[in-house]
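The data block below is data06.cif; it holds mmCIF, C-alpha atoms and all ligand atoms.
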```
data_start
#
loop_
_atom_site.label_atom_id
_atom_site.label_comp_id
_atom_site.auth_asym_id
_atom_site.auth_seq_id
_atom_site.Cartn_x
_atom_site.Cartn_y
_atom_site.Cartn_z
CA MET H 1 87.37 85.51 74.19
CA SER H 2 90.18 87.23 76.06
CA THR H 3 91.01 87.60 79.73
CA TYR H 4 92.39 90.93 80.93
CA VAL H 5 94.09 91.11 84.30
CA PHE H 6 94.10 94.60 85.78
CA GLY H 7 96.56 96.07 88.25
CA ASP H 8 95.49 98.12 91.26
CA ILE H 9 92.76 100.51 90.12
CA GLN H 10 92.20 102.19 93.49
CA GLY H 11 89.27 104.20 92.22
CA CYS H 12 91.06 105.53 89.12
CA PHE H 13 87.93 104.94 87.07
CA ASP H 14 88.73 107.27 84.16
CA GLU H 15 92.04 105.50 83.56
CA PHE H 16 90.29 102.12 83.94
CA GLU H 17 87.78 103.05 81.23
CA LYS H 18 90.54 104.32 78.94
CA LEU H 19 92.51 101.11 79.39
CA LEU H 20 89.45 98.97 78.64
CA LEU H 21 89.10 100.83 75.34
CA LYS H 22 92.78 100.46 74.56
CA CYS H 23 92.56 96.68 75.15
CA GLN H 24 89.48 96.57 72.91
CA TYR H 25 87.70 94.86 75.76
CA ASP H 26 84.36 93.44 74.67
CA ARG H 27 82.02 93.01 77.62
CA GLU H 28 79.96 90.40 75.76
CA VAL H 29 82.78 87.88 75.49
CA ASP H 30 85.84 88.98 77.47
CA GLN H 31 86.56 88.38 81.13
CA ILE H 32 88.31 90.67 83.64
CA TRP H 33 90.45 89.63 86.57
CA PHE H 34 91.52 92.09 89.25
CA VAL H 35 94.56 91.86 91.53
CA GLY H 36 92.73 93.82 94.23
CA ASP H 37 92.84 97.32 95.69
CA LEU H 38 89.88 98.11 93.49
CA ILE H 39 89.25 101.23 95.56
CA ASN H 40 90.77 103.92 97.80
CA ARG H 41 93.26 106.77 97.31
CA GLY H 42 91.99 107.44 93.77
CA PRO H 43 89.11 109.82 92.95
CA LYS H 44 86.18 107.74 91.61
CA ASN H 45 85.54 104.82 93.93
CA LEU H 46 81.77 104.57 93.60
CA ALA H 47 81.95 104.63 89.80
CA THR H 48 84.61 101.91 89.89
CA MET H 49 82.53 99.64 92.11
CA LYS H 50 79.28 100.22 90.19
CA PHE H 51 81.07 99.16 87.01
CA ILE H 52 82.53 96.06 88.64
CA LEU H 53 79.21 95.06 90.20
CA GLU H 54 77.71 94.88 86.72
CA LEU H 55 80.40 92.68 85.20
CA ASN H 56 79.69 89.10 84.23
CA ASP H 57 81.72 86.82 86.40
CA PRO H 58 84.80 88.92 87.21
CA VAL H 59 87.63 87.25 89.14
CA ILE H 60 88.68 89.36 92.10
CA VAL H 61 91.17 88.93 94.88
CA LEU H 62 90.88 91.45 97.69
CA GLY H 63 93.61 93.92 98.57
CA ASN H 64 94.40 95.68 101.83
CA HIS H 65 92.45 98.76 100.74
CA ASP H 66 89.34 96.71 99.92
CA LEU H 67 89.48 95.10 103.38
CA HIS H 68 90.08 98.50 104.97
CA PHE H 69 86.94 99.74 103.25
CA LEU H 70 84.97 96.85 104.78
CA ALA H 71 86.22 97.83 108.25
CA VAL H 72 85.32 101.50 107.76
CA ALA H 73 81.92 100.69 106.25
CA ASN H 74 81.13 98.53 109.29
CA ASN H 75 82.08 101.41 111.60
CA ILE H 76 84.95 99.40 113.03
CA HIS H 77 87.73 101.68 111.84
CA PRO H 78 87.45 105.49 111.62
CA GLY H 79 89.44 105.63 108.40
CA VAL H 80 92.81 107.26 107.82
CA ARG H 81 94.09 110.42 106.18
CA GLY H 82 94.12 109.87 102.43
CA ASP H 83 91.07 107.59 102.32
CA THR H 84 88.80 108.50 99.39
CA ILE H 85 85.98 106.03 99.95
CA GLN H 86 83.43 108.56 101.20
CA ASP H 87 81.59 108.54 97.86
CA ILE H 88 80.79 104.85 98.42
CA LEU H 89 79.98 105.31 102.12
CA ASP H 90 77.47 108.05 101.24
CA SER H 91 75.87 106.09 98.40
CA ALA H 92 72.72 104.02 98.11
CA GLU H 93 74.95 101.17 96.88
CA ARG H 94 77.02 101.07 100.09
CA ASP H 95 75.49 97.85 101.46
CA ASP H 96 75.52 96.10 98.08
CA ILE H 97 79.20 96.92 97.68
CA VAL H 98 80.00 95.63 101.18
CA GLU H 99 78.11 92.39 100.50
CA PHE H 100 79.80 91.98 97.11
CA LEU H 101 83.32 92.53 98.41
CA ARG H 102 83.02 90.16 101.31
CA GLN H 103 82.16 87.31 98.92
CA GLN H 104 85.48 87.72 97.07
CA LYS H 105 88.66 85.69 97.42
CA LEU H 106 92.14 86.31 98.78
CA LEU H 107 93.73 83.84 96.39
CA TYR H 108 92.55 82.42 93.07
CA HIS H 109 94.04 79.63 90.99
CA ASP H 110 92.85 79.00 87.47
CA LYS H 111 93.29 75.36 86.52
CA THR H 112 92.85 75.99 82.79
CA THR H 113 95.61 78.57 82.40
CA GLY H 114 97.68 77.66 85.46
CA TYR H 115 97.73 81.27 86.62
CA THR H 116 97.41 82.24 90.28
CA LEU H 117 96.09 85.65 91.31
CA VAL H 118 96.92 87.34 94.62
CA HIS H 119 97.05 90.94 95.80
CA ALA H 120 100.41 91.05 97.57
CA GLY H 121 102.17 87.70 97.51
CA ILE H 122 102.55 84.10 98.61
CA PRO H 123 105.30 83.32 101.15
CA PRO H 124 107.87 80.65 100.23
CA ILE H 125 106.76 78.43 103.13
CA TRP H 126 103.43 77.56 101.45
CA ASP H 127 102.93 75.52 98.31
CA LEU H 128 99.90 76.34 96.21
CA HIS H 129 97.70 73.70 97.79
CA LYS H 130 98.49 74.96 101.31
CA ALA H 131 98.05 78.60 100.28
CA LEU H 132 94.63 77.92 98.75
CA SER H 133 93.50 76.10 101.84
CA LEU H 134 94.62 78.93 104.17
CA ALA H 135 93.05 81.59 101.93
CA ASN H 136 89.83 79.63 102.15
CA GLU H 137 89.88 79.85 105.96
CA VAL H 138 89.73 83.66 105.73
CA GLU H 139 87.31 83.68 102.79
CA SER H 140 84.87 81.51 104.76
CA VAL H 141 84.93 83.89 107.71
CA LEU H 142 84.62 87.00 105.53
CA SER H 143 81.59 85.65 103.70
CA GLY H 144 80.10 84.15 106.86
CA PRO H 145 77.88 85.49 109.64
CA ASP H 146 80.70 86.43 112.07
CA TYR H 147 82.75 88.48 109.66
CA VAL H 148 82.45 91.70 111.66
CA SER H 149 84.23 90.15 114.63
CA PHE H 150 87.14 89.26 112.36
CA LEU H 151 87.23 92.78 110.86
CA LYS H 152 87.50 94.19 114.39
CA GLU H 153 90.72 92.21 114.92
CA MET H 154 92.07 92.38 111.38
CA HIS H 155 94.38 95.42 111.58
CA GLY H 156 97.89 94.87 112.96
CA ASN H 157 101.33 93.51 112.05
CA GLU H 158 101.53 90.58 114.47
CA PRO H 159 102.04 87.67 114.42
CA SER H 160 104.68 88.44 111.80
CA THR H 161 105.71 84.81 111.25
CA TRP H 162 103.41 81.98 110.29
CA GLU H 163 103.10 79.14 112.77
CA GLU H 164 100.84 76.21 112.05
CA HIS H 165 99.51 76.25 115.61
CA LEU H 166 98.11 79.81 115.35
CA THR H 167 94.40 79.94 116.04
CA GLY H 168 91.50 82.36 115.96
CA ASN H 169 91.99 85.95 114.86
CA ASP H 170 95.81 85.75 115.11
CA ARG H 171 95.74 82.99 112.51
CA LEU H 172 93.29 84.86 110.26
CA ARG H 173 95.24 88.15 110.59
CA ALA H 174 98.55 86.45 109.67
CA ILE H 175 97.02 84.74 106.61
CA THR H 176 95.37 88.01 105.55
CA ASN H 177 98.62 89.96 105.95
CA TYR H 178 100.53 87.48 103.79
CA PHE H 179 98.07 87.63 100.92
CA THR H 180 97.24 91.34 101.07
CA ARG H 181 100.31 93.18 102.48
CA LEU H 182 103.43 91.04 101.97
CA ARG H 183 106.47 92.55 100.22
CA TYR H 184 109.59 91.38 102.03
CA CYS H 185 110.04 88.20 104.04
CA LYS H 186 112.60 85.63 105.15
CA ASP H 187 112.83 82.00 104.08
CA ASN H 188 111.00 80.96 107.25
CA GLY H 189 108.13 83.24 106.23
CA ALA H 190 108.84 86.08 108.70
CA MET H 191 107.27 89.27 107.34
CA GLU H 192 108.49 92.83 107.66
CA LEU H 193 105.42 95.06 107.40
CA LYS H 194 106.63 98.31 108.94
CA HIS H 195 109.26 99.46 106.45
CA LYS H 196 108.77 101.84 103.52
CA ALA H 197 107.89 99.96 100.32
CA ASN H 198 111.07 100.73 98.38
CA ILE H 199 113.65 100.05 101.10
CA GLN H 200 114.69 96.44 101.58
CA PRO H 201 115.03 95.69 105.30
CA ASP H 202 118.23 93.94 106.42
CA GLY H 203 117.93 90.18 106.24
CA PHE H 204 114.72 90.24 104.19
CA SER H 205 114.12 89.65 100.48
CA PRO H 206 111.19 90.17 98.12
CA TRP H 207 108.79 87.25 98.66
CA PHE H 208 109.19 86.12 95.04
CA ASP H 209 113.01 85.81 95.27
CA PHE H 210 112.84 82.57 97.23
CA PRO H 211 112.68 79.30 95.35
CA ALA H 212 109.04 78.24 95.33
CA GLU H 213 108.03 74.75 96.38
CA ASP H 214 106.16 74.38 93.13
CA SER H 215 106.51 76.33 89.93
CA LYS H 216 103.77 78.92 89.83
CA GLU H 217 102.67 81.59 87.41
CA ILE H 218 101.65 84.37 89.76
CA LEU H 219 99.95 87.67 88.96
CA PHE H 220 100.00 90.26 91.73
CA GLY H 221 99.63 93.95 92.52
CA HIS H 222 100.20 95.99 95.69
CA TRP H 223 103.87 96.85 95.16
CA ALA H 224 103.82 99.99 93.01
CA ALA H 225 107.50 100.71 93.66
CA LEU H 226 108.44 97.64 91.56
CA ASP H 227 106.83 99.36 88.57
CA GLY H 228 106.15 95.99 86.97
CA VAL H 229 109.66 94.57 87.32
CA THR H 230 110.37 91.33 89.21
CA GLU H 231 113.14 89.89 86.97
CA LYS H 232 111.18 86.62 86.99
CA GLU H 233 109.28 85.42 83.98
CA ASN H 234 106.59 83.62 85.98
CA ILE H 235 105.99 86.36 88.58
CA ILE H 236 104.06 89.22 87.04
CA ALA H 237 103.73 92.55 88.88
CA LEU H 238 100.79 94.59 87.62
CA ASP H 239 100.70 97.59 89.98
CA THR H 240 102.43 100.35 88.05
CA GLY H 241 101.33 103.14 90.39
CA CYS H 242 98.36 104.75 88.69
CA VAL H 243 97.35 106.33 91.95
CA TRP H 244 100.88 107.78 92.26
CA GLY H 245 100.54 109.49 88.88
CA ARG H 246 102.28 106.79 86.83
CA THR H 247 100.33 104.24 84.77
CA LEU H 248 97.51 101.71 84.98
CA THR H 249 98.45 98.33 83.53
CA ALA H 250 96.56 95.26 82.33
CA MET H 251 97.82 92.01 80.88
CA ARG H 252 96.01 89.89 78.31
CA LEU H 253 96.45 86.36 79.61
CA GLU H 254 96.16 84.57 76.30
CA ASP H 255 99.28 86.15 74.76
CA GLY H 256 100.90 87.92 77.73
CA ARG H 257 100.61 91.31 76.05
CA LEU H 258 100.72 94.29 78.40
CA PHE H 259 98.55 97.37 77.95
CA SER H 260 98.90 100.59 79.89
CA THR H 261 97.54 104.09 80.09
CA PRO H 262 98.98 107.13 81.87
CA ALA H 263 97.40 108.42 85.08
CA LEU H 264 95.32 111.55 84.60
CA GLY H 265 96.50 112.96 87.92
CA SER H 266 98.56 112.15 90.97
CA TYR H 267 96.14 111.26 93.70
CA GLN H 268 98.32 110.23 96.62
CA LEU H 269 99.01 112.65 99.42
MN MN L 1 97.71 97.06 98.32
#
```
Output the file's structure in the form of structure tokens.
Amino acid sequence: MSTYVFGDIQGCFDEFEKLLLKCQYDREVDQIWFVGDLINRGPKNLATMKFILELNDPVIVLGNHDLHFLAVANNIHPGVRGDTIQDILDSAERDDIVEFLRQQKLLYHDKTTGYTLVHAGIPPIWDLHKALSLANEVESVLSGPDYVSFLKEMHGNEPSTWEEHLTGNDRLRAITNYFTRLRYCKDNGAMELKHKANIQPDGFSPWFDFPAEDSKEILFGHWAALDGVTEKENIIALDTGCVWGRTLTAMRLEDGRLFSTPALGSYQL
């Protein structure tokens, strides 16, 4: 049995299928983990989600695009230019996909392998135990009866610095932004969410450049501009920009081998 961890698919279903073949993925015995951003910006979002819905026990952490889909599907957000989720919105599977996604996690830690899975990052102010507990606060709301009222307040960049005394939707939005949008921060956890992805803002550093409170093996996506390079052995970036016309990447956990396949198009505006 092997475990394959996939970078941001974003609806690039043809590339996803090709990469599964290249890995010699066997659906009877192998497991798939996803770093999130399963959908949006790429061309085949419904096909991607139908495939994932039929998997046995996938491990998924949600990305910003997956959460954005939930907001649009609940008629909370009108969508933005470049969204490609209409195929799901128009489908008979729309409600099943919404229900499936809102049961997923923001952060996953596998005790057997020691790996932690997150879409964007974990700020240096939280050890793993704290991060799992905060992720669980959002996961409970998302899978619970009042999730629409959180989705209504989810978009936004503030508060940009974690404070333990935050409450309500400000607290949930901050936690969500750390796990699903973080790239650069300061050692006190202050996030910079407004900059362009490949320009380091003054006074900020990549979240993984700070010494962690505990040694963690982290797998993440979201940051296509890194193109898989963090310069840190234990911090593994898996978004290699398929949706930007570059490659889709997966890692086999058991031996650390990377597999990739070229994008069949460039889908971003
Ligand atoms: Mn993302």
Hey, which bits of chain H sit within 7 Å of ligand MN 1 (chain L), and for each residue what's the closest pair of atoms and how far apart in Å (one decimal), counting only C-alpha atoms and all ligand atoms, rows by chain and increasing number, as JSON lines?
```
{"residue": "H:Asp37", "atom": "CA", "partner": "L:MN1", "partner_atom": "MN", "distance": 5.5}
{"residue": "H:Gly63", "atom": "CA", "partner": "L:MN1", "partner_atom": "MN", "distance": 5.2}
{"residue": "H:Asn64", "atom": "CA", "partner": "L:MN1", "partner_atom": "MN", "distance": 5.0}
{"residue": "H:His65", "atom": "CA", "partner": "L:MN1", "partner_atom": "MN", "distance": 6.0}
{"residue": "H:His119", "atom": "CA", "partner": "L:MN1", "partner_atom": "MN", "distance": 6.7}
{"residue": "H:Ala120", "atom": "CA", "partner": "L:MN1", "partner_atom": "MN", "distance": 6.6}
{"residue": "H:Thr180", "atom": "CA", "partner": "L:MN1", "partner_atom": "MN", "distance": 6.4}
{"residue": "H:Arg181", "atom": "CA", "partner": "L:MN1", "partner_atom": "MN", "distance": 6.3}
{"residue": "H:Gly221", "atom": "CA", "partner": "L:MN1", "partner_atom": "MN", "distance": 6.9}
{"residue": "H:His222", "atom": "CA", "partner": "L:MN1", "partner_atom": "MN", "distance": 3.8}
{"residue": "H:Trp223", "atom": "CA", "partner": "L:MN1", "partner_atom": "MN", "distance": 6.9}
```
Find the spatial neighbours of Lys152 in chain H, counting only C-alpha atoms, within a cut-off of 9 Å - ignore same-chain residues fewer than 5 positions away - and output them as a compact mmCIF listing (two decimals) with C-alpha atoms, in the coordinates of the input.
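Below is the file that was written, part37.txt:
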```
# COMPACT_ATOMS: atom_id res chain seq x y z
CA ALA H 71 86.22 97.83 108.25
CA ILE H 76 84.95 99.40 113.03
CA HIS H 77 87.73 101.68 111.84
CA TYR H 147 82.75 88.48 109.66
```
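CA of Ala250 in chain H is found 6.2 Å from CA of Tyr4 in chain H.
In this structure, CA of Lys18 in chain H sits 24.4 Å away from CA of Gly82 in chain H.
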query: Near Asp83 in chain H, within 6 Å and counting all atoms listed in the file, which residues show up once chain neighbours fewer than 2 positions away are dropped, as a list in words?
result: Asn40, Arg41, Val80, Arg81 and Ile85 of chain H
task: To one decimal in Å, tell me the separation between CA of Phe204 in chain H and CA of Glu163 in chain H.
output: 18.2 Å
Considering only C-alpha atoms, give me a table of residues in range 13-65 of chain H that are at most 12 Å from range 240-248 of chain H, with the closest atom pair and distance in Å for each, as a tab-separated table.
```
residue	atom	partner	partner_atom	distance
H:Phe13	CA	H:Leu248	CA	10.3
H:Asp14	CA	H:Leu248	CA	10.4
H:Glu15	CA	H:Leu248	CA	6.8
H:Phe16	CA	H:Leu248	CA	7.3
H:Glu17	CA	H:Leu248	CA	10.5
H:Lys18	CA	H:Leu248	CA	9.6
H:Leu19	CA	H:Leu248	CA	7.5
H:Leu20	CA	H:Leu248	CA	10.6
H:Lys22	CA	H:Leu248	CA	11.5
H:Asp37	CA	H:Val243	CA	10.7
H:Leu38	CA	H:Val243	CA	11.2
H:Ile39	CA	H:Val243	CA	10.2
H:Asn40	CA	H:Val243	CA	9.1
H:Arg41	CA	H:Val243	CA	6.8
H:Gly42	CA	H:Val243	CA	5.8
H:Pro43	CA	H:Val243	CA	9.0
H:Lys44	CA	H:Val243	CA	11.3
```
Please determine the residues with any atom at most 9 Å from (99.9, 89.9, 104.7) (coordinates as given in the file, with all atoms listed in the file counting) and report them as a PDB file with C-alpha atoms, in the frame of the given file.
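The file below, result.pdb, is the result:
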```pdb
ATOM      1  CA  ASN H  64      94.400  95.680 101.830  1.00  0.00           C
ATOM      2  CA  ALA H 120     100.410  91.050  97.570  1.00  0.00           C
ATOM      3  CA  GLY H 121     102.170  87.700  97.510  1.00  0.00           C
ATOM      4  CA  ILE H 122     102.550  84.100  98.610  1.00  0.00           C
ATOM      5  CA  ASN H 157     101.330  93.510 112.050  1.00  0.00           C
ATOM      6  CA  SER H 160     104.680  88.440 111.800  1.00  0.00           C
ATOM      7  CA  ARG H 173      95.240  88.150 110.590  1.00  0.00           C
ATOM      8  CA  ALA H 174      98.550  86.450 109.670  1.00  0.00           C
ATOM      9  CA  ILE H 175      97.020  84.740 106.610  1.00  0.00           C
ATOM     10  CA  THR H 176      95.370  88.010 105.550  1.00  0.00           C
ATOM     11  CA  ASN H 177      98.620  89.960 105.950  1.00  0.00           C
ATOM     12  CA  TYR H 178     100.530  87.480 103.790  1.00  0.00           C
ATOM     13  CA  PHE H 179      98.070  87.630 100.920  1.00  0.00           C
ATOM     14  CA  THR H 180      97.240  91.340 101.070  1.00  0.00           C
ATOM     15  CA  ARG H 181     100.310  93.180 102.480  1.00  0.00           C
ATOM     16  CA  LEU H 182     103.430  91.040 101.970  1.00  0.00           C
ATOM     17  CA  ARG H 183     106.470  92.550 100.220  1.00  0.00           C
ATOM     18  CA  MET H 191     107.270  89.270 107.340  1.00  0.00           C
ATOM     19  CA  LEU H 193     105.420  95.060 107.400  1.00  0.00           C
TER      20      LEU H 193
END
```
Closest atom pairs, range 185-265 of chain H residues within 12 Å of range 90-113 of chain H, all atoms listed in the file, as CSV:
```
residue,atom,partner,partner_atom,distance
H:Lys216,CA,H:His109,CA,9.8
H:Glu217,CA,H:Thr113,CA,9.2
H:Ile218,CA,H:His109,CA,9.0
H:Leu219,CA,H:Tyr108,CA,10.0
H:Phe220,CA,H:Leu107,CA,10.1
H:Leu253,CA,H:Thr113,CA,8.3
H:Glu254,CA,H:Thr113,CA,8.6
H:Asp255,CA,H:Thr113,CA,11.4
H:Gly256,CA,H:Thr113,CA,11.7
```
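Here the question is which of H:Val148, H:Met251, H:Cys185, H:Ile125 gets nearest to Phe6 in chain H using all atoms listed in the file, and that residue is H:Met251.
Of the residues listed (H:Glu153, H:Val61, H:Lys194, H:Asp146), H:Val61 shows the shortest atom-to-atom separation from Val118 in chain H; distances use only C-alpha atoms.
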- line: Of H:Thr161, H:Gln24, H:Gly79, H:Leu166, the one sitting nearest Pro123 in chain H when using all atoms listed in the file is H:Thr161
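Nearest to Leu172 in chain H of all the residues H:Tyr184, H:Phe208, H:Tyr267, H:Phe150 is H:Phe150, based on only C-alpha atoms.
Of the listed residues (H:Leu134, H:Asp227, H:Pro262, H:Arg257), H:Arg257 comes nearest to Ser2 in chain H; the distances count all atoms listed in the file.
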Let me have the centre and edge lengths of the axis-aligned box enclosing all listed atoms of range 188-204 of chain H with 4 Å padding on every side, in Å to one decimal, as lines of an AutoDock Vina configuration file.
```
center_x = 111.8
center_y = 91.4
center_z = 103.7
size_x = 20.8
size_y = 28.9
size_z = 18.6
```
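Shortest atom-to-atom contact with Gly7 in chain H among H:Ala131, H:Ala237, H:Leu264, H:Val59: H:Ala237, counting only C-alpha atoms.
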